Every structure is written in C-alpha cells, then in structure tokens.
>>> print(open('coords36.tsv').read())   # TSV, C-alpha atoms
chain	number	residue	atom	x	y	z
A	216	MET	CA	-7.23	-44.81	-4.82
A	217	ASN	CA	-10.70	-44.20	-3.58
A	218	THR	CA	-13.14	-43.03	-6.24
A	219	ASP	CA	-16.32	-43.58	-4.29
A	220	ASN	CA	-18.67	-40.67	-5.01
A	221	ASN	CA	-19.45	-40.01	-1.39
A	222	ASN	CA	-16.11	-40.53	0.20
A	223	ILE	CA	-12.67	-39.09	-0.48
A	224	SER	CA	-9.74	-39.48	1.88
A	225	LEU	CA	-7.34	-36.68	2.72
A	226	GLU	CA	-4.50	-38.57	1.07
A	227	ASP	CA	-6.56	-38.85	-2.12
A	228	MET	CA	-7.20	-35.14	-1.92
A	229	ARG	CA	-3.51	-34.49	-1.57
A	230	SER	CA	-2.65	-36.59	-4.60
A	231	VAL	CA	-5.43	-34.93	-6.61
A	232	TRP	CA	-4.24	-31.45	-5.63
A	233	GLN	CA	-0.66	-32.19	-6.51
A	234	GLY	CA	-1.61	-34.09	-9.64
A	235	PHE	CA	-3.93	-31.73	-11.43
A	236	THR	CA	-2.99	-28.78	-13.55
A	237	VAL	CA	-5.22	-26.18	-15.10
A	238	ALA	CA	-5.85	-27.01	-18.76
A	239	ASP	CA	-3.67	-25.07	-21.17
A	240	SER	CA	-6.70	-23.96	-23.15
A	241	VAL	CA	-8.18	-22.33	-20.06
A	242	GLN	CA	-5.07	-21.19	-18.26
A	243	ALA	CA	-4.44	-17.50	-18.46
A	244	HIS	CA	-1.14	-16.90	-20.23
A	245	PHE	CA	0.73	-13.85	-19.17
A	246	SER	CA	2.46	-12.56	-22.24
A	247	GLY	CA	2.14	-8.85	-21.66
A	248	SER	CA	4.98	-6.59	-20.68
A	249	THR	CA	5.30	-5.76	-17.02
A	250	SER	CA	5.36	-2.08	-17.96
A	251	MET	CA	1.83	-2.58	-19.28
A	252	LEU	CA	0.84	-3.72	-15.80
A	253	ASP	CA	2.46	-0.60	-14.33
A	254	HIS	CA	0.59	1.72	-16.68
A	255	ARG	CA	-2.69	-0.07	-16.17
A	256	SER	CA	-2.36	-0.04	-12.36
A	257	LYS	CA	-1.49	3.66	-12.35
A	258	LEU	CA	-4.43	4.50	-14.61
A	259	MET	CA	-6.79	2.54	-12.40
A	260	ARG	CA	-5.43	4.20	-9.26
A	261	GLN	CA	-5.77	7.70	-10.71
A	262	GLN	CA	-9.25	6.93	-11.98
A	263	LYS	CA	-10.26	5.66	-8.54
A	264	ALA	CA	-9.09	8.96	-7.02
A	265	LEU	CA	-11.16	10.86	-9.59
A	266	ILE	CA	-14.24	8.80	-8.69
A	267	VAL	CA	-13.77	9.74	-5.02
A	268	VAL	CA	-13.34	13.43	-5.91
A	269	ALA	CA	-16.46	13.40	-8.11
A	270	VAL	CA	-18.58	11.72	-5.43
A	271	MET	CA	-17.25	14.06	-2.75
A	272	TRP	CA	-18.05	17.19	-4.79
A	273	ALA	CA	-21.45	15.86	-5.85
A	274	LEU	CA	-22.29	15.56	-2.15
A	275	LEU	CA	-20.62	18.79	-1.01
A	276	SER	CA	-21.59	21.25	-3.77
A	277	MET	CA	-25.07	21.97	-2.46
A	278	PRO	CA	-24.24	22.36	1.25
A	279	LEU	CA	-21.08	24.37	0.56
A	280	LEU	CA	-22.33	26.73	-2.12
A	281	CYS	CA	-26.15	26.88	-1.99
A	282	LEU	CA	-27.08	26.16	1.62
A	283	ASN	CA	-24.18	28.22	2.96
A	284	PRO	CA	-25.59	31.76	3.64
A	285	ALA	CA	-22.12	33.30	3.19
A	286	ILE	CA	-22.18	32.36	-0.50
A	287	GLY	CA	-25.84	31.75	-1.38
A	288	LEU	CA	-25.40	30.34	-4.88
A	289	PRO	CA	-28.81	29.93	-6.58
A	290	LEU	CA	-30.30	26.48	-6.25
A	291	TRP	CA	-30.45	25.86	-10.00
A	292	ALA	CA	-26.68	26.50	-10.31
A	293	GLY	CA	-26.06	24.08	-7.44
A	294	VAL	CA	-28.20	21.45	-9.15
A	295	ILE	CA	-26.23	21.87	-12.39
A	296	LEU	CA	-22.97	21.50	-10.44
A	297	VAL	CA	-24.25	18.31	-8.80
A	298	ILE	CA	-25.34	16.97	-12.21
A	299	TYR	CA	-21.88	17.79	-13.57
A	300	PHE	CA	-20.10	15.90	-10.80
A	301	VAL	CA	-22.51	12.95	-11.02
A	302	LEU	CA	-21.84	12.81	-14.77
A	303	MET	CA	-18.12	12.95	-14.13
A	304	GLY	CA	-18.46	10.22	-11.51
A	305	ILE	CA	-20.33	7.95	-13.94
A	306	MET	CA	-17.79	8.65	-16.66
A	307	SER	CA	-14.93	7.92	-14.24
A	308	ILE	CA	-16.49	4.59	-13.25
A	309	ALA	CA	-16.93	3.67	-16.93
A	310	LEU	CA	-13.31	4.63	-17.59
A	311	TYR	CA	-12.11	2.65	-14.57
A	312	HIS	CA	-13.82	-0.44	-15.98
A	313	SER	CA	-12.43	0.18	-19.44
A	314	TYR	CA	-8.89	0.19	-17.95
A	315	LYS	CA	-9.70	-2.90	-15.95
A	316	ASP	CA	-10.81	-4.65	-19.14
A	317	ILE	CA	-7.35	-4.35	-20.66
A	318	ASP	CA	-6.42	-7.91	-19.79
A	319	MET	CA	-2.94	-8.89	-20.91
A	320	CYS	CA	-3.32	-12.41	-19.54
A	321	THR	CA	-6.13	-13.57	-21.74
A	322	MET	CA	-6.42	-11.10	-24.59
A	323	SER	CA	-4.52	-11.20	-27.84
A	324	VAL	CA	-2.41	-8.17	-28.78
A	325	ARG	CA	-5.12	-7.04	-31.20
A	326	GLU	CA	-7.81	-7.35	-28.53
A	327	CYS	CA	-5.63	-5.39	-26.10
A	328	MET	CA	-5.15	-2.68	-28.72
A	329	ALA	CA	-8.90	-2.53	-29.23
A	330	ALA	CA	-9.43	-2.26	-25.46
A	331	VAL	CA	-6.88	0.58	-25.20
A	332	LEU	CA	-8.52	2.35	-28.14
A	333	LYS	CA	-11.92	1.95	-26.50
A	334	ALA	CA	-10.56	3.50	-23.28
A	335	LYS	CA	-9.02	6.37	-25.25
A	336	THR	CA	-12.28	7.07	-27.10
A	337	LEU	CA	-14.30	6.92	-23.89
A	338	ARG	CA	-11.88	9.32	-22.24
A	339	ARG	CA	-12.05	11.76	-25.14
A	340	ASN	CA	-15.86	11.66	-25.17
A	341	GLY	CA	-15.94	12.14	-21.40
A	342	ARG	CA	-13.73	15.18	-21.71
A	343	ILE	CA	-15.96	16.70	-24.40
A	344	VAL	CA	-19.11	16.15	-22.31
A	345	GLY	CA	-17.30	17.53	-19.25
A	346	MET	CA	-16.23	20.67	-21.09
A	347	ILE	CA	-19.69	21.27	-22.55
A	348	VAL	CA	-21.26	21.13	-19.07
A	349	ALA	CA	-18.41	22.76	-17.14
A	350	THR	CA	-17.66	25.81	-19.30
A	351	PRO	CA	-21.00	27.65	-18.83
A	352	VAL	CA	-21.11	26.64	-15.14
A	353	LEU	CA	-17.58	27.94	-14.58
A	354	GLY	CA	-18.43	31.15	-16.44
A	355	TYR	CA	-21.55	31.66	-14.35
A	356	LEU	CA	-19.66	30.91	-11.10
A	357	LEU	CA	-16.97	33.49	-11.91
A	358	TRP	CA	-19.63	36.06	-12.82
A	359	PHE	CA	-21.51	35.22	-9.60
A	360	PHE	CA	-18.40	35.70	-7.45
A	361	TYR	CA	-17.58	38.91	-9.33
A	362	GLN	CA	-20.98	40.23	-8.22
A	363	ILE	CA	-20.17	39.57	-4.56
A	364	ASN	CA	-16.88	41.49	-4.43
A	365	LYS	CA	-13.47	41.71	-6.05
A	366	ILE	CA	-11.62	39.66	-3.40
A	367	THR	CA	-14.04	36.76	-3.72
A	368	PHE	CA	-13.70	36.97	-7.50
A	369	VAL	CA	-9.89	36.86	-7.31
A	370	GLY	CA	-10.14	33.90	-4.94
A	371	ALA	CA	-12.45	32.11	-7.36
A	372	VAL	CA	-10.14	32.81	-10.32
A	373	VAL	CA	-7.11	31.55	-8.37
A	374	GLY	CA	-9.09	28.45	-7.35
A	375	ALA	CA	-10.21	27.83	-10.94
A	376	VAL	CA	-6.68	28.24	-12.32
A	377	PHE	CA	-5.26	25.95	-9.61
A	378	GLY	CA	-7.98	23.36	-10.27
A	379	LEU	CA	-7.44	23.52	-14.03
A	380	PHE	CA	-3.69	23.16	-13.54
A	381	ILE	CA	-4.09	20.02	-11.40
A	382	GLY	CA	-6.66	18.66	-13.86
A	383	LEU	CA	-4.30	19.28	-16.75
A	384	ILE	CA	-1.41	17.47	-15.02
A	385	VAL	CA	-3.60	14.45	-14.20
A	386	ASP	CA	-4.92	14.45	-17.76
A	387	LEU	CA	-1.41	14.59	-19.27
A	388	ARG	CA	-0.25	11.74	-17.06
A	389	MET	CA	-3.18	9.56	-18.04
A	390	ARG	CA	-2.64	10.37	-21.69
A	391	ARG	CA	1.00	9.39	-21.36
A	392	HIS	CA	0.11	6.01	-19.79
A	393	LEU	CA	-2.38	5.26	-22.56
A	394	ARG	CA	0.09	6.39	-25.23
A	395	GLU	CA	2.84	4.16	-23.79
A	396	MET	CA	0.49	1.19	-23.68
A	397	ALA	CA	-0.64	1.75	-27.26
A	398	ARG	CA	2.97	2.19	-28.41
A	399	TYR	CA	4.05	-1.06	-26.73
A	400	LEU	CA	1.13	-2.99	-28.22
A	401	GLU	CA	1.81	-1.57	-31.67
A	402	SER	CA	5.43	-2.70	-31.44
A	403	LEU	CA	4.23	-6.22	-30.52
A	404	ASP	CA	1.77	-6.18	-33.38
A	405	ARG	CA	4.50	-5.17	-35.84
A	406	ASP	CA	6.67	-8.08	-34.63
B	116	MET	CA	18.27	-1.84	-18.29
B	117	GLU	CA	17.85	-2.88	-14.66
B	118	ARG	CA	14.11	-2.63	-15.12
B	119	ASN	CA	14.33	-4.92	-18.16
B	120	THR	CA	16.29	-7.54	-16.22
B	121	GLU	CA	13.79	-7.33	-13.39
B	122	SER	CA	10.95	-7.72	-15.87
B	123	GLN	CA	12.63	-10.73	-17.49
B	124	GLN	CA	13.17	-12.37	-14.08
B	125	PHE	CA	9.58	-11.72	-13.15
B	126	LEU	CA	8.28	-13.34	-16.34
B	127	GLU	CA	10.48	-16.38	-15.70
B	128	ILE	CA	9.22	-16.69	-12.12
B	129	VAL	CA	5.62	-16.36	-13.26
B	130	ASP	CA	6.11	-18.95	-15.98
B	131	ALA	CA	7.66	-21.42	-13.55
B	132	ASN	CA	4.81	-20.97	-11.06
B	133	LYS	CA	1.83	-20.51	-13.37
B	134	HIS	CA	0.22	-23.79	-12.28
B	135	LEU	CA	0.38	-22.79	-8.63
B	136	ILE	CA	-1.15	-19.37	-9.37
B	137	SER	CA	-3.84	-20.91	-11.57
B	138	LYS	CA	-4.78	-23.50	-8.94
B	139	VAL	CA	-5.15	-20.89	-6.21
B	140	CYS	CA	-7.24	-18.64	-8.48
B	141	LEU	CA	-9.38	-21.60	-9.52
B	142	MET	CA	-10.22	-22.39	-5.89
B	143	TYR	CA	-11.51	-18.86	-5.31
B	144	ALA	CA	-13.14	-18.24	-8.68
B	145	ARG	CA	-16.88	-18.18	-9.31
B	146	ASP	CA	-16.64	-18.77	-13.07
B	147	HIS	CA	-14.28	-18.46	-16.02
B	148	GLU	CA	-14.52	-14.67	-16.13
B	149	HIS	CA	-13.88	-14.37	-12.42
B	150	PHE	CA	-10.94	-16.75	-12.77
B	151	LYS	CA	-9.39	-14.45	-15.41
B	152	ASP	CA	-9.99	-11.39	-13.22
B	153	LEU	CA	-8.33	-13.05	-10.26
B	154	TYR	CA	-5.36	-14.18	-12.33
B	155	GLN	CA	-4.86	-10.65	-13.64
B	156	GLU	CA	-5.20	-9.21	-10.15
B	157	VAL	CA	-2.63	-11.67	-8.73
B	158	MET	CA	-0.23	-10.83	-11.58
B	159	ALA	CA	-0.52	-7.10	-10.93
B	160	THR	CA	0.06	-7.60	-7.20
B	161	LEU	CA	3.03	-9.90	-7.80
B	162	TRP	CA	4.63	-7.38	-10.13
B	163	GLN	CA	4.05	-4.52	-7.71
B	164	GLY	CA	5.53	-6.56	-4.89
B	165	ILE	CA	8.46	-8.22	-6.66
B	166	ARG	CA	10.88	-5.59	-5.34
B	167	SER	CA	9.83	-6.27	-1.77
B	168	PHE	CA	10.66	-9.97	-2.13
B	169	ASN	CA	13.79	-10.30	-0.05
B	170	GLY	CA	14.61	-13.94	-0.75
B	171	VAL	CA	14.29	-15.01	2.90
B	172	SER	CA	11.41	-17.37	2.11
B	173	LYS	CA	11.05	-19.65	-0.89
B	174	ILE	CA	9.69	-17.98	-4.03
B	175	SER	CA	6.73	-20.38	-4.03
B	176	THR	CA	5.91	-19.36	-0.43
B	177	TRP	CA	5.98	-15.71	-1.43
B	178	ILE	CA	3.77	-16.40	-4.46
B	179	TYR	CA	1.36	-18.34	-2.24
B	180	ARG	CA	1.23	-15.39	0.15
B	181	VAL	CA	0.52	-12.85	-2.58
B	182	ALA	CA	-1.95	-15.08	-4.43
B	183	LEU	CA	-3.89	-16.01	-1.29
B	184	ASN	CA	-3.96	-12.45	0.05
B	185	THR	CA	-5.15	-11.14	-3.30
B	186	CYS	CA	-7.80	-13.83	-3.70
B	187	VAL	CA	-9.07	-13.50	-0.12
B	188	THR	CA	-9.24	-9.70	-0.40
B	189	TYR	CA	-10.93	-9.94	-3.79
B	190	HIS	CA	-13.35	-12.53	-2.43
B	191	ARG	CA	-14.27	-10.30	0.53
B	192	ARG	CA	-14.71	-7.26	-1.66
B	193	HIS	CA	-16.90	-9.06	-4.16
B	194	SER	CA	-18.46	-11.70	-1.93
B	195	ARG	CA	-21.69	-13.31	-3.03
B	196	ALA	CA	-23.82	-16.06	-1.55
B	197	ASP	CA	-23.09	-18.51	-4.38
B	198	SER	CA	-19.38	-17.89	-4.43
B	199	ALA	CA	-18.18	-21.30	-5.60
B	200	MET	CA	-17.68	-22.31	-9.22
B	201	SER	CA	-20.02	-24.98	-10.51
B	202	ILE	CA	-18.45	-28.41	-10.15
B	203	SER	CA	-18.86	-29.22	-13.85
B	204	ASP	CA	-16.90	-26.05	-14.65
B	205	VAL	CA	-14.08	-27.17	-12.36
B	206	ALA	CA	-13.79	-30.54	-14.06
B	207	GLU	CA	-13.74	-28.83	-17.44
B	208	ILE	CA	-10.99	-26.46	-16.42
B	209	ALA	CA	-8.75	-29.04	-14.78
B	210	ASP	CA	-6.40	-31.03	-16.95
B	211	CYS	CA	-6.47	-34.50	-15.41
B	212	SER	CA	-7.47	-38.09	-16.00
B	213	GLN	CA	-11.07	-39.35	-15.73
B	214	GLU	CA	-10.31	-40.95	-12.37
B	215	HIS	CA	-8.73	-37.76	-11.04
B	216	ALA	CA	-11.60	-35.65	-12.40
B	217	SER	CA	-14.08	-37.52	-10.23
B	218	LEU	CA	-11.90	-37.05	-7.15
B	219	LEU	CA	-11.27	-33.44	-8.07
B	220	ARG	CA	-15.01	-32.77	-8.16
B	221	GLN	CA	-15.35	-34.23	-4.67
B	222	MET	CA	-12.35	-32.31	-3.38
B	223	TYR	CA	-13.60	-29.04	-4.83
B	224	ALA	CA	-17.09	-29.61	-3.42
B	225	LEU	CA	-15.61	-30.09	0.06
B	226	ILE	CA	-13.04	-27.29	-0.04
B	227	SER	CA	-15.47	-24.75	-1.47
B	228	GLN	CA	-17.48	-25.01	1.75
B	229	LEU	CA	-14.59	-23.67	3.81
B	230	ASP	CA	-14.11	-20.00	4.61
B	231	PRO	CA	-11.50	-18.17	2.48
B	232	VAL	CA	-8.67	-18.37	5.03
B	233	ASP	CA	-9.21	-22.04	5.84
B	234	LYS	CA	-9.32	-22.69	2.10
B	235	GLY	CA	-5.87	-21.16	1.75
B	236	ILE	CA	-4.49	-23.13	4.69
B	237	ILE	CA	-5.74	-26.46	3.40
B	238	MET	CA	-4.50	-25.71	-0.12
B	239	MET	CA	-0.99	-25.23	1.23
B	240	TRP	CA	-1.29	-28.33	3.39
B	241	LEU	CA	-2.39	-30.35	0.36
B	242	ASP	CA	0.63	-28.98	-1.45
B	243	SER	CA	2.80	-30.46	1.35
B	244	SER	CA	3.89	-27.04	2.64
B	245	SER	CA	5.32	-27.16	6.15
B	246	TYR	CA	3.46	-25.66	9.13
B	247	ASP	CA	6.15	-22.98	9.28
B	248	GLU	CA	5.56	-22.02	5.66
B	249	ILE	CA	1.80	-21.89	6.18
B	250	ALA	CA	2.32	-19.78	9.31
B	251	ASP	CA	4.62	-17.50	7.32
B	252	VAL	CA	2.01	-17.01	4.60
B	253	THR	CA	-1.06	-16.63	6.80
B	254	GLY	CA	0.55	-14.68	9.63
B	255	LEU	CA	-0.81	-17.17	12.17
B	256	SER	CA	1.37	-18.85	14.80
B	257	ARG	CA	2.67	-22.35	14.11
B	258	ALA	CA	0.51	-23.77	16.90
B	259	ASN	CA	-2.54	-22.01	15.55
B	260	VAL	CA	-1.86	-23.36	12.07
B	261	ALA	CA	-1.51	-26.89	13.47
B	262	SER	CA	-4.78	-26.70	15.36
B	263	ARG	CA	-6.62	-25.13	12.43
B	264	ILE	CA	-5.36	-27.80	10.05
B	265	TYR	CA	-6.48	-30.47	12.51
B	266	ARG	CA	-9.95	-28.92	12.71
B	267	ILE	CA	-10.21	-28.44	8.95
B	268	ARG	CA	-9.15	-32.04	8.31
B	269	GLN	CA	-11.71	-33.30	10.81
B	270	ARG	CA	-14.35	-31.21	9.11
B	271	LEU	CA	-13.41	-32.43	5.66
B	272	VAL	CA	-13.42	-36.06	6.76
B	273	LYS	CA	-16.81	-35.60	8.42
B	274	LYS	CA	-18.28	-33.89	5.36
B	275	SER	CA	-16.78	-36.52	3.10
B	276	ASN	CA	-18.43	-39.31	5.11
B	277	GLU	CA	-21.83	-37.66	5.22
>>> encode(input="coords36.tsv", output="structure tokens")
Amino acid sequence: MNTDNNNISLEDMRSVWQGFTVADSVQAHFSGSTSMLDHRSKLMRQQKALIVVAVMWALLSMPLLCLNPAIGLPLWAGVILVIYFVLMGIMSIALYHSYKDIDMCTMSVRECMAAVLKAKTLRRNGRIVGMIVATPVLGYLLWFFYQINKITFVGAVVGAVFGLFIGLIVDLRMRRHLREMARYLESLDRD
Amino acid sequence: MERNTESQQFLEIVDANKHLISKVCLMYARDHEHFKDLYQEVMATLWQGIRSFNGVSKISTWIYRVALNTCVTYHRRHSRADSAMSISDVAEIADCSQEHASLLRQMYALISQLDPVDKGIIMMWLDSSSYDEIADVTGLSRANVASRIYRIRQRLVKKSNE
C-alpha cells in the first residue's frame, strides 16, 4: 500500500474509505425516540412559519396602517407595532435555535431535559414580553378603529378574535409537543 | 402499535448503517459541531422519509440518497469559503490504524477539494456502488455518472501527483 505523503492511488483511497470507521467516542449515537424527532421537527417547522409571519408584519405594518390614507394610524403607533413584530421575530429565532439544540444524537437524557426546559422557559418569557407589548397596542388599535366608525371597529374586533384564536391553537400545539418531549425524557430518566 | 414497530425497524436500520451515515456526514462537516448537526439533520430526514421507502432499491442506496441530499442541501444553505474540516480533526475522528490515518488524511485533502455533488459521487464509487446505484441516488443518467467518475478520477490522480 502506498503511504507516500504526496501520492495516493485510487485503489488505496478505496481501501481507506472501506476500511475506516468513525471512532465510537466521536460517533453520534442515536438513542432518542423517533417520536422525539417528530415533535422537534414540528416545533421547528411551526417556529419557522412564525418567523416568516413576524418579518412579514414588521415590513407591512407601516405601509398598510400608517402610510395608507384610508386608515391613517399615527406614526408612533406604527413604530410600536413594528417594534413588537421585530421583538417577536427575534424571540422566534431564539426559540427556533433552542428547539434545534435539542440533540438526541449526542446529548444525554439529562442534557436533553435541560434543553427542553430551556426552550420552555424561553417560550414562556417570550409570551410574557409579547403580552406586555401587545396588550396596550391592541387596546389602542381597537379604540382607534372605534373612532373611525362602528363597521371598522367590528371588523377589527373580528380580526383580533380570529388572530387570537389562531395564535391560541398554535400555542397549544407547541405546548403539547414540548410536554410530550418532556414526558418521554422523564420516562427515560426514571428507567 | 404500528408506529412502534416502524420506530423499532427504523432504529435497527439506523444502527446497521451508522458507519455509512457517519462517513458521509464527516466528508461534508466543517468541524465536530457541524458533524453533529449534519448527523441530526440526516436522522430527521431519514425518519420523515422512512414511509416513502418502497423497497425497490437497497436500503443502503436509499440511505446514501437521503444522507447526500441532506448534506448537499445543508452545505449549500450554510456554505462558507473554508468549508472543509481540518485534516488533523479528520484523523482524530477516524478510527483506523496509523498507516490508514496517513492515507485517510491524503484522501480527505483530495476529496474536500471537489464540489458537493462530485464528492457524493466519488464517495459512492469508493464504496464500490455500481454506476446504476450512483445514478439512482444522484438522479444523473448512467452515462453521465460514468463520465463524471472518469473526470473526477483523473482530477484526483492529477492532484495526487502534484
């Protein structure tokens, strides 16, 4: 076999390729349940969709509500809306990475549990920040639309209820995925 | 129940082919962390796609297809100028004799210069996969695979002699 530093034949390469294995100490061992993969993938997918929605609204809030003469929302309210969506976008990206960090191939059960807990805490904090910023903005928006006329106000209320309903469903789903993951890991830890 | 059986089968398949998956990920990884990311990504894709595996091709061919597609996509999405792992890292990761480690370093140095698709083709060729299997995985025609392998081999030999 040729071991010359500057020259390796294709046959040598073939025997090297077929002969080497990745060291056990380095090789990622997949010991996690496949359902964990399902939950993780779904969480990441939903979080990705939320990032897109946040970015889209951060870009569209001003042109749709402030620069549109039919609505004419004050500039400061538009700025607060943009800040809200940017905050939500940043939080969504952080959450996406926290889900991505739940690595069943290389982490121990305890480490996975810690990663799930971290994601749960981040999510809870994100929701608190979101509510603190969103509640006064939503209140102001409803009051603003009430000032325009009753029909616009009803439209805004319907839109808000519809939006909250969708948000609630997404939130419940995500909570369920995290709960299932935590439950599975706890059962492994007990074993 | 059916889901549990499917899950059990999947884990058995993964266990039987973990060296293949690891080797493919290693060839596309930038460092240890990236290697772990790739491995996790390939696992997730394999699990999502296990139901679509119809048994027409060999399981190793299907795993090659998924692993290569995932690694190439991941590589394109996160491409950087210095995309190859350092050669000392490769030797550390590989579990082989001293003599093989030296050859492995040379092989890695040569293969890491190829573009992601050519890398996949030559990996399968080194693994003694047939042209038909490589064509099946890459979606290229058999003739195209043959000519690409010829060109890649020429290139590797030339680089090796430089």
>>> closest_residue(input="coords36.tsv", among="B:Val139, B:Val181, B:Ile249, B:Ala159", to="chain A", atoms="all atoms listed in the file")
B:Ala159
>>> interface_residues(input="coords36.tsv", of="chain B", to="chain A", cutoff="8 Å", atoms="all atoms listed in the file", output="PyMOL selection string")
chain B and resi 122+134+137-138+151+154-155+159+162-163+208-211+214-215+217-219+221-222+238+241-242+268+271-272+275-277
>>> atom_distance(input="coords36.tsv", atom1="atom CA of Arg180 of chain B", atom2="atom CA of Lys274 of chain B")
27.4 Å
>>> residues_around(input="coords36.tsv", residues="segment 371-379 of chain A", least_positions_apart="5", cutoff="10 Å", atoms="all atoms listed in the file", output="PDB file with C-alpha atoms, keeping the file's coordinate frame")
ATOM      1  CA  LEU A 353     -17.580  27.940 -14.580  1.00  0.00           C
ATOM      2  CA  LEU A 356     -19.660  30.910 -11.100  1.00  0.00           C
ATOM      3  CA  LEU A 357     -16.970  33.490 -11.910  1.00  0.00           C
ATOM      4  CA  TRP A 358     -19.630  36.060 -12.820  1.00  0.00           C
ATOM      5  CA  PHE A 359     -21.510  35.220  -9.600  1.00  0.00           C
ATOM      6  CA  PHE A 360     -18.400  35.700  -7.450  1.00  0.00           C
ATOM      7  CA  TYR A 361     -17.580  38.910  -9.330  1.00  0.00           C
ATOM      8  CA  LYS A 365     -13.470  41.710  -6.050  1.00  0.00           C
ATOM      9  CA  ILE A 366     -11.620  39.660  -3.400  1.00  0.00           C
ATOM     10  CA  ILE A 384      -1.410  17.470 -15.020  1.00  0.00           C
ATOM     11  CA  VAL A 385      -3.600  14.450 -14.200  1.00  0.00           C
TER      12      VAL A 385
END
>>> atom_distance(input="coords36.tsv", atom1="atom CA of Arg270 of chain B", atom2="atom CA of Met239 of chain B")
16.6 Å
>>> closest_residue(input="coords36.tsv", among="A:Cys327, A:Ala349, A:Gln362, A:Arg394", to="Ala292 of chain A", atoms="all atoms listed in the file")
A:Ala349
>>> residues_around(input="coords36.tsv", residues="Glu395 of chain A", least_positions_apart="5", cutoff="10 Å", atoms="only C-alpha atoms", output="number ranges by chain")
A: 250-251, 254, 389-390, 400-401
>>> write_last_selection(input="coords36.tsv", atoms="C-alpha atoms", output="PDB file, keeping the file's coordinate frame")
ATOM      1  CA  SER A 250       5.360  -2.080 -17.960  1.00  0.00           C
ATOM      2  CA  MET A 251       1.830  -2.580 -19.280  1.00  0.00           C
ATOM      3  CA  HIS A 254       0.590   1.720 -16.680  1.00  0.00           C
ATOM      4  CA  MET A 389      -3.180   9.560 -18.040  1.00  0.00           C
ATOM      5  CA  ARG A 390      -2.640  10.370 -21.690  1.00  0.00           C
ATOM      6  CA  LEU A 400       1.130  -2.990 -28.220  1.00  0.00           C
ATOM      7  CA  GLU A 401       1.810  -1.570 -31.670  1.00  0.00           C
TER       8      GLU A 401
END
>>> atom_distance(input="coords36.tsv", atom1="atom CA of Met306 of chain A", atom2="atom CA of Phe380 of chain A")
20.5 Å
>>> residues_around(input="coords36.tsv", residues="segment 276-290 of chain A", least_positions_apart="5", cutoff="10 Å", atoms="all atoms listed in the file", output="list in words")
Met271, Ile295, Leu296, Val297, Phe300, Leu356, Phe359, Phe360, Ile363 and Thr367 of chain A
>>> residues_near_point(input="coords36.tsv", point="(-3.0, -1.7, -30.3)", cutoff="9 Å", atoms="all atoms listed in the file", output="PyMOL selection string")
chain A and resi 324-332+396-404
>>> write_last_selection(input="coords36.tsv", atoms="C-alpha atoms", output="PDB file, keeping the file's coordinate frame")
ATOM      1  CA  VAL A 324      -2.410  -8.170 -28.780  1.00  0.00           C
ATOM      2  CA  ARG A 325      -5.120  -7.040 -31.200  1.00  0.00           C
ATOM      3  CA  GLU A 326      -7.810  -7.350 -28.530  1.00  0.00           C
ATOM      4  CA  CYS A 327      -5.630  -5.390 -26.100  1.00  0.00           C
ATOM      5  CA  MET A 328      -5.150  -2.680 -28.720  1.00  0.00           C
ATOM      6  CA  ALA A 329      -8.900  -2.530 -29.230  1.00  0.00           C
ATOM      7  CA  ALA A 330      -9.430  -2.260 -25.460  1.00  0.00           C
ATOM      8  CA  VAL A 331      -6.880   0.580 -25.200  1.00  0.00           C
ATOM      9  CA  LEU A 332      -8.520   2.350 -28.140  1.00  0.00           C
ATOM     10  CA  MET A 396       0.490   1.190 -23.680  1.00  0.00           C
ATOM     11  CA  ALA A 397      -0.640   1.750 -27.260  1.00  0.00           C
ATOM     12  CA  ARG A 398       2.970   2.190 -28.410  1.00  0.00           C
ATOM     13  CA  TYR A 399       4.050  -1.060 -26.730  1.00  0.00           C
ATOM     14  CA  LEU A 400       1.130  -2.990 -28.220  1.00  0.00           C
ATOM     15  CA  GLU A 401       1.810  -1.570 -31.670  1.00  0.00           C
ATOM     16  CA  SER A 402       5.430  -2.700 -31.440  1.00  0.00           C
ATOM     17  CA  LEU A 403       4.230  -6.220 -30.520  1.00  0.00           C
ATOM     18  CA  ASP A 404       1.770  -6.180 -33.380  1.00  0.00           C
TER      19      ASP A 404
END
>>> closest_residue(input="coords36.tsv", among="B:Gln228, B:Ser262, B:Gln123, B:Asn132", to="Trp177 of chain B", atoms="only C-alpha atoms")
B:Asn132
>>> residues_around(input="coords36.tsv", residues="Asp386 of chain A", least_positions_apart="2", cutoff="12 Å", atoms="only C-alpha atoms", output="JSON, numbers by chain")
{"A": [258, 261, 262, 265, 335, 338, 339, 341, 342, 379, 380, 381, 382, 383, 384, 388, 389, 390, 391, 392, 393]}
>>> write_last_selection(input="coords36.tsv", atoms="C-alpha atoms", output="CSV table (one decimal), in the frame of the given file")
chain,number,residue,atom,x,y,z
A,258,LEU,CA,-4.4,4.5,-14.6
A,261,GLN,CA,-5.8,7.7,-10.7
A,262,GLN,CA,-9.2,6.9,-12.0
A,265,LEU,CA,-11.2,10.9,-9.6
A,335,LYS,CA,-9.0,6.4,-25.2
A,338,ARG,CA,-11.9,9.3,-22.2
A,339,ARG,CA,-12.0,11.8,-25.1
A,341,GLY,CA,-15.9,12.1,-21.4
A,342,ARG,CA,-13.7,15.2,-21.7
A,379,LEU,CA,-7.4,23.5,-14.0
A,380,PHE,CA,-3.7,23.2,-13.5
A,381,ILE,CA,-4.1,20.0,-11.4
A,382,GLY,CA,-6.7,18.7,-13.9
A,383,LEU,CA,-4.3,19.3,-16.8
A,384,ILE,CA,-1.4,17.5,-15.0
A,388,ARG,CA,-0.2,11.7,-17.1
A,389,MET,CA,-3.2,9.6,-18.0
A,390,ARG,CA,-2.6,10.4,-21.7
A,391,ARG,CA,1.0,9.4,-21.4
A,392,HIS,CA,0.1,6.0,-19.8
A,393,LEU,CA,-2.4,5.3,-22.6
>>> closest_residue(input="coords36.tsv", among="B:Val252, B:Val187, B:Met158, B:Val129", to="Val232 of chain B", atoms="all atoms listed in the file")
B:Val187
>>> residues_around(input="coords36.tsv", residues="Asp233 of chain B", least_positions_apart="6", cutoff="12 Å", atoms="only C-alpha atoms", output="short mmCIF file (atom, residue, chain, number, x, y, z; two decimals) with C-alpha atoms, in the coordinates of the input")
data_model
loop_
_atom_site.label_atom_id
_atom_site.label_comp_id
_atom_site.auth_asym_id
_atom_site.auth_seq_id
_atom_site.Cartn_x
_atom_site.Cartn_y
_atom_site.Cartn_z
CA MET B 142 -10.22 -22.39 -5.89
CA TYR B 143 -11.51 -18.86 -5.31
CA LEU B 183 -3.89 -16.01 -1.29
CA VAL B 187 -9.07 -13.50 -0.12
CA LEU B 225 -15.61 -30.09 0.06
CA ILE B 226 -13.04 -27.29 -0.04
CA SER B 227 -15.47 -24.75 -1.47
CA MET B 239 -0.99 -25.23 1.23
CA TRP B 240 -1.29 -28.33 3.39
CA ILE B 249 1.80 -21.89 6.18
CA THR B 253 -1.06 -16.63 6.80
CA LEU B 255 -0.81 -17.17 12.17
CA ASN B 259 -2.54 -22.01 15.55
CA VAL B 260 -1.86 -23.36 12.07
CA ALA B 261 -1.51 -26.89 13.47
CA SER B 262 -4.78 -26.70 15.36
CA ARG B 263 -6.62 -25.13 12.43
CA ILE B 264 -5.36 -27.80 10.05
CA TYR B 265 -6.48 -30.47 12.51
CA ARG B 266 -9.95 -28.92 12.71
CA ILE B 267 -10.21 -28.44 8.95
CA ARG B 268 -9.15 -32.04 8.31
CA ARG B 270 -14.35 -31.21 9.11
CA LEU B 271 -13.41 -32.43 5.66
#
